[in-house]
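Participant: Supplied structure: coords_18.cif, mmCIF, C-alpha atoms.
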```cif
data_model
#
loop_
_atom_site.label_atom_id
_atom_site.label_comp_id
_atom_site.auth_asym_id
_atom_site.auth_seq_id
_atom_site.Cartn_x
_atom_site.Cartn_y
_atom_site.Cartn_z
CA MET A 1 -3.93 19.91 -39.29
CA SER A 2 -3.74 20.26 -35.47
CA GLU A 3 -0.32 20.59 -33.90
CA ILE A 4 0.88 20.62 -30.32
CA THR A 5 4.36 21.05 -28.84
CA LEU A 6 5.33 19.87 -25.37
CA ARG A 7 8.55 20.85 -23.63
CA GLY A 8 9.86 18.88 -20.70
CA ARG A 9 12.46 16.47 -19.43
CA ASP A 10 12.31 12.89 -20.65
CA TYR A 11 11.21 10.72 -17.70
CA ARG A 12 13.90 8.17 -18.58
CA THR A 13 16.96 10.39 -19.02
CA GLN A 14 15.86 13.76 -17.57
CA GLN A 15 17.20 15.34 -20.75
CA PRO A 16 15.22 18.40 -21.93
CA VAL A 17 13.23 17.64 -25.07
CA GLU A 18 10.53 19.09 -27.27
CA ILE A 19 7.81 16.73 -28.50
CA VAL A 20 5.84 17.79 -31.56
CA ALA A 21 2.60 16.03 -32.48
CA HIS A 22 0.35 16.39 -35.53
CA ASP A 23 -3.25 15.14 -35.48
CA GLY A 24 -2.65 13.26 -32.24
CA ASN A 25 0.52 11.40 -33.22
CA ILE A 26 4.10 12.26 -32.33
CA SER A 27 5.94 13.56 -35.40
CA GLN A 28 9.31 14.39 -33.87
CA ILE A 29 11.25 14.58 -30.63
CA ARG A 30 14.20 16.93 -30.48
CA PRO A 31 16.60 17.99 -27.71
CA VAL A 32 16.44 21.52 -26.33
CA THR A 33 18.72 23.55 -24.10
CA GLY A 34 18.10 25.42 -20.90
CA GLY A 35 15.30 23.15 -19.73
CA GLU A 36 16.58 22.08 -16.32
CA ASN A 37 13.46 23.35 -14.55
CA LEU A 38 11.01 21.84 -16.99
CA PRO A 39 8.58 19.17 -15.74
CA LEU A 40 9.04 15.51 -16.58
CA ILE A 41 7.22 14.13 -19.63
CA ALA A 42 6.02 10.52 -19.34
CA PRO A 43 3.55 8.25 -21.15
CA GLY A 44 -0.08 8.45 -20.04
CA LEU A 45 -0.98 5.81 -17.50
CA VAL A 46 -2.92 2.68 -18.53
CA ASP A 47 -5.19 1.05 -15.93
CA LEU A 48 -6.55 -2.42 -16.71
CA GLN A 49 -8.86 -2.58 -13.68
CA VAL A 50 -11.27 0.28 -12.92
CA ASN A 51 -14.55 -0.58 -11.17
CA GLY A 52 -15.73 3.02 -10.92
CA TYR A 53 -14.74 6.36 -9.41
CA GLY A 54 -16.19 9.24 -7.44
CA GLY A 55 -19.53 7.58 -6.71
CA ALA A 56 -19.98 6.21 -10.25
CA ASP A 57 -20.06 2.42 -10.09
CA PHE A 58 -19.82 0.12 -13.13
CA ASN A 59 -21.21 -2.73 -11.02
CA SER A 60 -24.36 -1.20 -9.55
CA PHE A 61 -26.98 -1.10 -12.28
CA PRO A 62 -28.48 1.01 -13.58
CA PHE A 63 -25.65 3.40 -14.29
CA SER A 64 -25.70 5.90 -17.14
CA VAL A 65 -23.48 6.49 -20.13
CA GLY A 66 -22.89 9.91 -18.59
CA SER A 67 -21.35 8.32 -15.52
CA VAL A 68 -18.84 6.50 -17.75
CA LYS A 69 -17.83 9.87 -19.17
CA GLN A 70 -17.59 11.22 -15.62
CA VAL A 71 -15.16 8.44 -14.65
CA THR A 72 -13.12 8.99 -17.81
CA GLN A 73 -12.66 12.66 -16.97
CA ALA A 74 -11.86 11.88 -13.32
CA LEU A 75 -9.17 9.45 -14.42
CA TRP A 76 -7.58 12.11 -16.64
CA GLN A 77 -7.09 14.06 -13.41
CA GLN A 78 -5.15 11.04 -12.14
CA GLY A 79 -2.94 10.83 -15.24
CA VAL A 80 -4.79 7.80 -16.64
CA THR A 81 -5.30 8.23 -20.39
CA THR A 82 -6.39 4.65 -21.14
CA PHE A 83 -8.40 2.30 -18.94
CA MET A 84 -10.57 -0.80 -18.84
CA PRO A 85 -13.96 -0.49 -17.11
CA THR A 86 -14.22 -3.62 -15.01
CA VAL A 87 -17.44 -5.58 -14.56
CA ILE A 88 -17.36 -8.17 -11.81
CA THR A 89 -19.42 -11.21 -10.87
CA ASN A 90 -23.18 -10.66 -11.13
CA GLY A 91 -26.28 -12.22 -12.63
CA ALA A 92 -26.23 -12.97 -16.35
CA ASP A 93 -28.81 -10.32 -17.19
CA GLU A 94 -27.11 -7.69 -15.05
CA ILE A 95 -23.75 -8.28 -16.74
CA THR A 96 -25.46 -8.01 -20.12
CA GLU A 97 -26.90 -4.62 -19.19
CA MET A 98 -23.62 -3.34 -17.77
CA VAL A 99 -21.40 -4.21 -20.72
CA SER A 100 -24.07 -2.91 -23.08
CA THR A 101 -24.11 0.46 -21.27
CA LEU A 102 -20.30 0.66 -21.35
CA ALA A 103 -20.33 -0.03 -25.09
CA ALA A 104 -23.03 2.62 -25.60
CA ALA A 105 -20.91 5.17 -23.74
CA CYS A 106 -17.98 4.40 -26.05
CA ARG A 107 -20.21 4.98 -29.08
CA GLU A 108 -21.85 8.14 -27.77
CA PHE A 109 -18.79 9.98 -26.44
CA PRO A 110 -15.64 10.04 -28.62
CA SER A 111 -13.55 10.92 -25.56
CA VAL A 112 -14.75 7.76 -23.81
CA GLY A 113 -14.26 5.60 -26.90
CA ALA A 114 -10.69 6.90 -27.24
CA SER A 115 -9.86 6.29 -23.56
CA VAL A 116 -11.48 2.88 -23.08
CA ALA A 117 -9.20 0.08 -24.30
CA GLY A 118 -11.90 -2.51 -23.76
CA ILE A 119 -13.92 -4.08 -20.97
CA HIS A 120 -12.38 -6.26 -18.27
CA LEU A 121 -14.77 -9.03 -17.17
CA GLU A 122 -13.69 -10.17 -13.69
CA GLY A 123 -15.91 -13.16 -13.03
CA PRO A 124 -18.23 -14.93 -12.66
CA PHE A 125 -16.00 -17.89 -13.58
CA LEU A 126 -14.02 -17.72 -10.34
CA SER A 127 -13.36 -19.88 -7.30
CA ALA A 128 -16.38 -20.43 -5.06
CA GLN A 129 -14.18 -20.82 -1.98
CA ASP A 130 -14.17 -18.21 0.75
CA GLY A 131 -10.95 -16.22 0.50
CA PRO A 132 -10.12 -16.70 -3.17
CA ARG A 133 -13.65 -15.51 -4.02
CA GLY A 134 -12.90 -12.24 -2.24
CA ALA A 135 -15.81 -9.79 -2.36
CA HIS A 136 -17.55 -11.55 -5.27
CA ASN A 137 -21.06 -12.85 -4.61
CA ARG A 138 -21.01 -16.62 -4.29
CA VAL A 139 -24.60 -16.87 -5.61
CA HIS A 140 -23.41 -15.96 -9.11
CA ILE A 141 -20.11 -17.92 -9.24
CA GLN A 142 -20.19 -20.61 -11.92
CA ALA A 143 -18.10 -22.71 -14.27
CA PRO A 144 -16.83 -21.12 -17.49
CA ASP A 145 -19.58 -21.04 -20.11
CA TYR A 146 -18.50 -19.88 -23.56
CA ALA A 147 -22.04 -19.52 -24.94
CA LEU A 148 -22.85 -17.20 -22.04
CA PHE A 149 -19.62 -15.29 -22.55
CA GLN A 150 -20.51 -14.84 -26.24
CA ARG A 151 -23.88 -13.40 -25.21
CA TRP A 152 -22.04 -10.79 -23.13
CA GLN A 153 -19.53 -10.14 -25.89
CA THR A 154 -22.34 -9.47 -28.35
CA ALA A 155 -23.96 -7.04 -25.90
CA ALA A 156 -20.57 -5.35 -25.49
CA ASP A 157 -20.06 -4.86 -29.25
CA GLY A 158 -17.04 -7.14 -28.99
CA ARG A 159 -15.34 -4.83 -26.47
CA ILE A 160 -14.55 -7.44 -23.81
CA ARG A 161 -10.77 -7.68 -24.23
CA LEU A 162 -9.72 -9.14 -20.86
CA ILE A 163 -11.29 -11.80 -18.66
CA THR A 164 -10.28 -12.96 -15.19
CA LEU A 165 -11.12 -16.56 -14.33
CA SER A 166 -10.03 -19.44 -12.14
CA PRO A 167 -8.65 -22.51 -13.96
CA GLU A 168 -9.84 -24.85 -11.22
CA TRP A 169 -13.00 -25.65 -13.22
CA PRO A 170 -12.83 -28.86 -15.34
CA ASN A 171 -13.60 -27.09 -18.63
CA ALA A 172 -11.36 -24.08 -18.01
CA ASP A 173 -8.68 -24.96 -20.57
CA ASP A 174 -11.15 -25.29 -23.44
CA PHE A 175 -12.69 -21.97 -22.46
CA ILE A 176 -9.27 -20.30 -22.36
CA ARG A 177 -8.40 -21.61 -25.83
CA GLN A 178 -11.66 -20.24 -27.23
CA CYS A 179 -10.99 -16.82 -25.68
CA VAL A 180 -7.45 -16.71 -27.06
CA ALA A 181 -8.75 -17.60 -30.53
CA ASP A 182 -11.09 -14.59 -30.26
CA ASN A 183 -8.26 -12.25 -29.19
CA VAL A 184 -9.44 -12.00 -25.58
CA VAL A 185 -6.65 -11.90 -22.99
CA VAL A 186 -7.12 -14.43 -20.18
CA SER A 187 -5.89 -13.65 -16.67
CA ILE A 188 -5.84 -16.04 -13.71
CA GLY A 189 -7.38 -14.63 -10.54
CA HIS A 190 -9.61 -15.33 -7.55
CA THR A 191 -8.35 -18.90 -7.74
CA ALA A 192 -7.62 -21.90 -5.57
CA ALA A 193 -6.22 -23.86 -8.51
CA SER A 194 -3.58 -26.53 -8.15
CA ALA A 195 -0.10 -26.30 -9.62
CA GLU A 196 -1.16 -28.64 -12.41
CA GLN A 197 -4.27 -26.60 -13.22
CA ILE A 198 -2.28 -23.37 -13.34
CA ALA A 199 0.38 -24.89 -15.61
CA SER A 200 -2.33 -26.29 -17.88
CA ALA A 201 -4.07 -22.90 -18.09
CA VAL A 202 -0.82 -21.22 -19.13
CA LYS A 203 -0.30 -23.88 -21.78
CA ALA A 204 -3.86 -23.19 -23.02
CA GLY A 205 -3.02 -19.49 -23.40
CA ALA A 206 -3.54 -17.66 -20.09
CA GLN A 207 -1.19 -14.66 -20.05
CA MET A 208 -1.64 -12.79 -16.76
CA SER A 209 -2.34 -12.99 -13.05
CA THR A 210 -5.02 -10.60 -11.77
CA HIS A 211 -3.96 -8.63 -8.63
CA LEU A 212 -1.65 -11.45 -7.56
CA GLY A 213 -1.51 -11.97 -3.80
CA ASN A 214 -5.09 -10.80 -3.31
CA GLY A 215 -8.29 -12.76 -3.72
CA ALA A 216 -6.65 -15.57 -1.72
CA HIS A 217 -7.07 -17.58 1.48
CA LEU A 218 -5.87 -15.70 4.56
CA THR A 219 -3.68 -18.75 5.38
CA LEU A 220 -1.89 -20.87 2.77
CA PRO A 221 0.49 -23.84 2.81
CA ARG A 222 4.01 -22.42 2.68
CA HIS A 223 4.56 -24.49 -0.50
CA PRO A 224 3.17 -25.41 -2.88
CA ASN A 225 0.44 -22.80 -3.21
CA TYR A 226 -1.22 -20.96 -6.06
CA ILE A 227 0.71 -17.72 -5.49
CA TRP A 228 4.12 -19.38 -5.79
CA GLU A 229 2.93 -21.38 -8.79
CA GLN A 230 1.83 -18.27 -10.69
CA LEU A 231 5.10 -16.50 -9.85
CA ALA A 232 7.03 -19.48 -11.20
CA GLN A 233 5.22 -19.43 -14.55
CA ASP A 234 7.53 -17.32 -16.72
CA ASP A 235 4.83 -16.71 -19.34
CA LEU A 236 2.43 -15.14 -16.84
CA TRP A 237 2.56 -11.37 -16.40
CA CYS A 238 1.89 -10.30 -12.83
CA ALA A 239 -0.59 -7.47 -12.13
CA MET A 240 -0.33 -5.95 -8.65
CA ILE A 241 -2.17 -3.34 -6.58
CA ALA A 242 0.48 -1.08 -5.05
CA ASP A 243 -1.70 1.03 -2.78
CA GLY A 244 0.20 -0.03 0.35
CA GLU A 245 -2.84 -1.96 1.64
CA HIS A 246 -3.29 -4.87 -0.73
CA LEU A 247 0.33 -6.05 -0.59
CA PRO A 248 3.14 -5.36 1.91
CA LEU A 249 6.14 -3.56 0.42
CA SER A 250 8.29 -6.68 0.82
CA VAL A 251 5.80 -8.71 -1.23
CA LEU A 252 5.66 -6.05 -3.95
CA LYS A 253 9.44 -6.06 -4.15
CA THR A 254 9.61 -9.87 -4.27
CA PHE A 255 6.92 -10.17 -6.97
CA ILE A 256 8.66 -7.56 -9.12
CA ARG A 257 12.03 -9.29 -8.78
CA ALA A 258 10.54 -12.71 -9.53
CA LYS A 259 8.74 -11.54 -12.67
CA ASN A 260 11.84 -9.87 -14.10
CA GLY A 261 10.21 -7.27 -16.35
CA ARG A 262 6.78 -8.90 -16.51
CA ALA A 263 5.29 -7.06 -13.53
CA LEU A 264 2.70 -4.30 -13.97
CA LEU A 265 0.42 -2.17 -11.84
CA VAL A 266 -3.36 -1.87 -11.70
CA SER A 267 -5.43 0.24 -9.33
CA ASP A 268 -8.57 -1.92 -8.83
CA VAL A 269 -10.10 1.43 -7.97
CA THR A 270 -13.77 1.45 -6.99
CA SER A 271 -16.59 3.98 -6.91
CA HIS A 272 -15.51 4.93 -3.38
CA ALA A 273 -12.34 6.60 -4.69
CA GLY A 274 -12.61 10.35 -4.17
CA MET A 275 -15.31 9.87 -1.52
CA PRO A 276 -15.07 10.78 2.20
CA PRO A 277 -14.35 8.10 4.83
CA GLY A 278 -17.38 6.24 6.13
CA HIS A 279 -19.67 3.23 5.72
CA TYR A 280 -20.97 2.44 2.25
CA HIS A 281 -22.97 -0.25 0.48
CA SER A 282 -21.96 -1.45 -2.95
CA HIS A 283 -22.09 -4.47 -5.22
CA ILE A 284 -18.40 -5.11 -4.51
CA GLY A 285 -18.33 -6.39 -0.94
CA GLY A 286 -21.81 -5.30 0.10
CA ASP A 287 -21.39 -3.29 3.32
CA VAL A 288 -17.91 -1.79 3.27
CA VAL A 289 -15.89 0.64 5.35
CA LEU A 290 -13.59 3.32 3.96
CA SER A 291 -11.08 4.32 6.63
CA PRO A 292 -9.52 7.80 6.97
CA GLU A 293 -6.24 6.16 5.91
CA GLY A 294 -7.75 5.03 2.60
CA ARG A 295 -8.35 1.34 3.34
CA LEU A 296 -11.56 -0.13 1.90
CA SER A 297 -12.61 -3.36 3.65
CA MET A 298 -15.67 -5.52 4.15
CA ALA A 299 -17.65 -4.41 7.19
CA ASN A 300 -18.25 -7.96 8.47
CA ASN A 301 -14.63 -9.04 7.94
CA PRO A 302 -12.12 -6.16 8.08
CA ALA A 303 -9.31 -8.54 7.12
CA LEU A 304 -10.78 -8.78 3.61
CA LEU A 305 -10.36 -5.83 1.25
CA ALA A 306 -13.15 -4.71 -1.09
CA GLY A 307 -11.10 -3.02 -3.79
CA SER A 308 -9.01 0.13 -3.66
CA VAL A 309 -9.60 3.87 -3.46
CA GLN A 310 -6.12 4.90 -4.61
CA GLY A 311 -5.41 5.72 -8.25
CA LEU A 312 -2.65 4.30 -10.43
CA LEU A 313 -0.25 7.22 -9.89
CA TYR A 314 -0.50 6.53 -6.15
CA GLY A 315 0.81 3.03 -6.87
CA VAL A 316 3.69 4.42 -8.91
CA ASN A 317 4.58 6.71 -6.03
CA THR A 318 4.42 3.82 -3.56
CA LEU A 319 7.21 2.14 -5.52
CA LEU A 320 9.24 5.34 -5.86
CA LYS A 321 8.99 6.63 -2.30
CA ASN A 322 10.11 3.24 -0.98
CA GLY A 323 12.94 2.80 -3.47
CA ILE A 324 11.56 -0.45 -4.86
CA VAL A 325 12.28 0.33 -8.52
CA PRO A 326 13.79 3.28 -10.46
CA ARG A 327 11.49 5.98 -11.87
CA GLN A 328 11.62 4.67 -15.44
CA GLU A 329 10.49 1.21 -14.43
CA ALA A 330 7.79 2.44 -12.05
CA VAL A 331 6.25 4.61 -14.78
CA GLN A 332 6.44 1.87 -17.39
CA MET A 333 4.80 -0.62 -15.01
CA ALA A 334 1.75 1.65 -15.09
CA SER A 335 1.81 2.63 -18.76
CA ILE A 336 3.79 0.78 -21.41
CA ARG A 337 3.65 -2.65 -19.80
CA PRO A 338 -0.14 -2.86 -19.31
CA ALA A 339 -0.66 -1.37 -22.78
CA SER A 340 1.54 -4.10 -24.23
CA ARG A 341 -0.77 -6.81 -22.83
CA LEU A 342 -3.52 -5.57 -25.17
CA ASN A 343 -1.20 -4.62 -28.05
CA LEU A 344 -2.32 -1.00 -27.81
CA PRO A 345 -0.60 1.66 -29.96
CA VAL A 346 0.33 3.57 -26.79
CA ALA A 347 2.56 0.64 -25.80
CA GLN A 348 5.16 2.23 -28.06
CA GLY A 349 5.65 4.97 -25.48
CA LEU A 350 6.97 8.39 -26.45
CA ILE A 351 8.46 7.79 -29.88
CA PRO A 352 7.74 9.26 -33.34
CA GLY A 353 4.65 7.66 -34.85
CA ALA A 354 3.04 6.80 -31.52
CA PRO A 355 -0.10 8.52 -30.22
CA LEU A 356 0.68 11.46 -27.95
CA ASP A 357 -0.81 10.18 -24.70
CA ALA A 358 1.36 11.93 -22.15
CA ILE A 359 1.50 13.40 -18.68
CA LEU A 360 3.56 16.21 -17.20
CA LEU A 361 4.96 15.52 -13.74
CA ARG A 362 6.94 17.29 -11.03
CA GLU A 363 9.19 15.27 -8.72
CA ASP A 364 9.39 16.18 -5.03
CA GLU A 365 12.19 15.66 -2.52
CA ASN A 366 10.87 12.17 -1.67
CA HIS A 367 10.96 11.16 -5.38
CA ALA A 368 7.15 11.15 -5.53
CA LEU A 369 5.55 12.43 -8.74
CA ARG A 370 2.85 15.12 -8.79
CA LEU A 371 0.62 15.41 -11.85
CA LEU A 372 0.59 18.77 -13.64
CA ALA A 373 -1.24 18.04 -16.91
CA THR A 374 -2.68 15.21 -19.00
CA TYR A 375 -2.76 14.86 -22.80
CA LYS A 376 -4.87 12.42 -24.79
CA ASN A 377 -4.34 11.92 -28.53
CA GLY A 378 -2.41 15.16 -28.73
CA ALA A 379 -4.97 17.30 -26.89
CA GLU A 380 -4.71 18.68 -23.37
CA VAL A 381 -7.58 17.13 -21.39
CA TRP A 382 -6.63 18.30 -17.89
CA ARG A 383 -4.27 20.80 -16.28
CA GLY A 384 -3.84 21.45 -12.57
CA GLU A 385 -3.90 24.84 -10.99
#
```
Rewrite the coordinates I just gave you, this time as structure tokens.

Facilitator:
Amino acid sequence: MSEITLRGRDYRTQQPVEIVAHDGNISQIRPVTGGENLPLIAPGLVDLQVNGYGGADFNSFPFSVGSVKQVTQALWQQGVTTFMPTVITNGADEITEMVSTLAAACREFPSVGASVAGIHLEGPFLSAQDGPRGAHNRVHIQAPDYALFQRWQTAADGRIRLITLSPEWPNADDFIRQCVADNVVVSIGHTAASAEQIASAVKAGAQMSTHLGNGAHLTLPRHPNYIWEQLAQDDLWCAMIADGEHLPLSVLKTFIRAKNGRALLVSDVTSHAGMPPGHYHSHIGGDVVLSPEGRLSMANNPALLAGSVQGLLYGVNTLLKNGIVPRQEAVQMASIRPASRLNLPVAQGLIPGAPLDAILLREDENHALRLLATYKNGAEVWRGE
């Protein structure tokens, strides 16, 4: 029987504790004394939207099963213990190959299989309009097709757990109901849907909004519009990119207040994360520019973003450094809340019986958190110098 003991301060209370885990699961948590200088212990981060990392791209085929392992290990260095590889709009055959390779990586590498919560399919059932379509290729945008989706699900070994779509298509509600019946979470995104279409999609079972406030027209009617309508739907959880580029701080704050506990963070990180500034070409956005400040935009339209290069912990720190939410909430927005959308065991957080997915953190004078170590299923998978 393998055992591990972590000592640190609980991220919620700052009280010194000792966490004991056997065979990957927490067996007990007990208070300790004299631990004022110990690091914070928090749940491992959960990222529902990862397009790639460090040059490895889940949307430029062919990619190898080894590159999926490479991304998994890179994310551990960012404190992410669970993630969803995200496959975006492409041709039907290309999507088949991509989800098949992701599934093969999960089978071949236990560390990948343990870290991947499922595949996020973002498209191709999105809005064809410029703006809402974002960086997705219009050539491949189409109406929801459940037979086609089932083809991809078969290739993915049933691992597609989250799908982003626009409910503006006439058959969207039937498609949503079929996904819900198959335990696939439906998220509204890249949409120009009307208020009635959004309300109908929620009634059919849609549960989330994908990176709300992005994948939208540059100019909208002040009201009604599809951003307000999604905010007003109490049953929709709001996923946001908090890299400081995708949404202004005032918008982040407003979304979080409006959703009242149903707001969560994603990174939407791309293969350009961890790469030097410069011009790149990728499936997401085509020709893109990565600025020295960390802004990734489309070369032919700098007003449009082409994903993010900042990890999930960066988003947590954006909230903390700007005093938008307390530490406990910021951490949970990037860990427990996204895990709860997929009913993952790690959604329990740090309690006896839960898996020990944890990170050790040090807080600086600006309230930002620096990662010290990452633990997955009770094993240390990364430690900083």

Participant: When distances are computed from all atoms listed in the file, which of A:Ile198, A:Thr89, A:His217, A:Leu148 shows the smallest separation from Gln129 (chain A)?

Facilitator: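 Ranked by minimum distance to Gln129 (chain A), first place goes to A:His217.
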
Participant: Residues near Thr72 (chain A), anyone? I mean within 9 Å using only C-alpha atoms, not counting same-chain ones fewer than 2 positions away, as a PyMOL selection string.

Facilitator: chain A and resi 53+67-70+74-76+80-83+111-112+115-116

Participant: Considering all atoms listed in the file, return as a PyMOL selection string whatever protein or nucleic-acid residues lie within 8 Å of Asn137 (chain A), sequence-local ones (same chain, fewer than 2 positions apart) excluded.

Facilitator: chain A and resi 89-90+133+135+139-141+285

Participant: I need the residue set behind the PyMOL selection byres ((chain A and resi 43) around 9) for this file; please write it as a PDB file with C-alpha atoms, in the frame of the given file.

Facilitator:
```
ATOM      1  CA  TYR A  11      11.210  10.720 -17.700  1.00  0.00           C
ATOM      2  CA  ILE A  41       7.220  14.130 -19.630  1.00  0.00           C
ATOM      3  CA  ALA A  42       6.020  10.520 -19.340  1.00  0.00           C
ATOM      4  CA  GLY A  44      -0.080   8.450 -20.040  1.00  0.00           C
ATOM      5  CA  LEU A  45      -0.980   5.810 -17.500  1.00  0.00           C
ATOM      6  CA  VAL A  46      -2.920   2.680 -18.530  1.00  0.00           C
ATOM      7  CA  THR A  81      -5.300   8.230 -20.390  1.00  0.00           C
ATOM      8  CA  VAL A 331       6.250   4.610 -14.780  1.00  0.00           C
ATOM      9  CA  GLN A 332       6.440   1.870 -17.390  1.00  0.00           C
ATOM     10  CA  SER A 335       1.810   2.630 -18.760  1.00  0.00           C
ATOM     11  CA  ILE A 336       3.790   0.780 -21.410  1.00  0.00           C
ATOM     12  CA  VAL A 346       0.330   3.570 -26.790  1.00  0.00           C
ATOM     13  CA  ALA A 347       2.560   0.640 -25.800  1.00  0.00           C
ATOM     14  CA  GLY A 349       5.650   4.970 -25.480  1.00  0.00           C
ATOM     15  CA  LEU A 350       6.970   8.390 -26.450  1.00  0.00           C
ATOM     16  CA  LEU A 356       0.680  11.460 -27.950  1.00  0.00           C
ATOM     17  CA  ASP A 357      -0.810  10.180 -24.700  1.00  0.00           C
ATOM     18  CA  ALA A 358       1.360  11.930 -22.150  1.00  0.00           C
ATOM     19  CA  ILE A 359       1.500  13.400 -18.680  1.00  0.00           C
ATOM     20  CA  LEU A 360       3.560  16.210 -17.200  1.00  0.00           C
TER      21      LEU A 360
END
```

Participant: Would you kindly return, as a VMD selection string, each protein, DNA or RNA residue with an atom no farther than 12 Å from any atom of Leu304 (chain A), considering all atoms listed in the file and excluding same-chain residues fewer than 2 positions away?

Facilitator: chain A and resid 130 to 136 214 to 218 245 to 246 284 to 285 287 to 289 295 to 302 306 to 308

Participant: Evaluating the PyMOL selection byres ((chain A and resi 17) around 8) on the displayed file yields which residues, as a list in words?

Facilitator: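 After applying the PyMOL selection byres ((chain A and resi 17) around 8), what remains is Arg7, Gly8, Arg9, Asp10, Gln15, Pro16, Glu18, Ile19, Ile29, Arg30, Pro31, Val32 and Gly35 of chain A.
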
Participant: Ranking A:His281, A:Leu231, A:Ala56, A:Arg383 by minimum distance to Arg257 (chain A) and counting all atoms listed in the file, which one comes first?

Facilitator: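 Of A:His281, A:Leu231, A:Ala56, A:Arg383, the one nearest Arg257 (chain A) is A:Leu231, counting all atoms listed in the file.
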
Participant: Using only C-alpha atoms, pick whichever of A:Glu385, A:Glu380, A:Asp243, A:Glu229 has the shortest atom-to-atom distance to Asn317 (chain A).

Facilitator: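 Closest to Asn317 (chain A), using only C-alpha atoms: A:Asp243.
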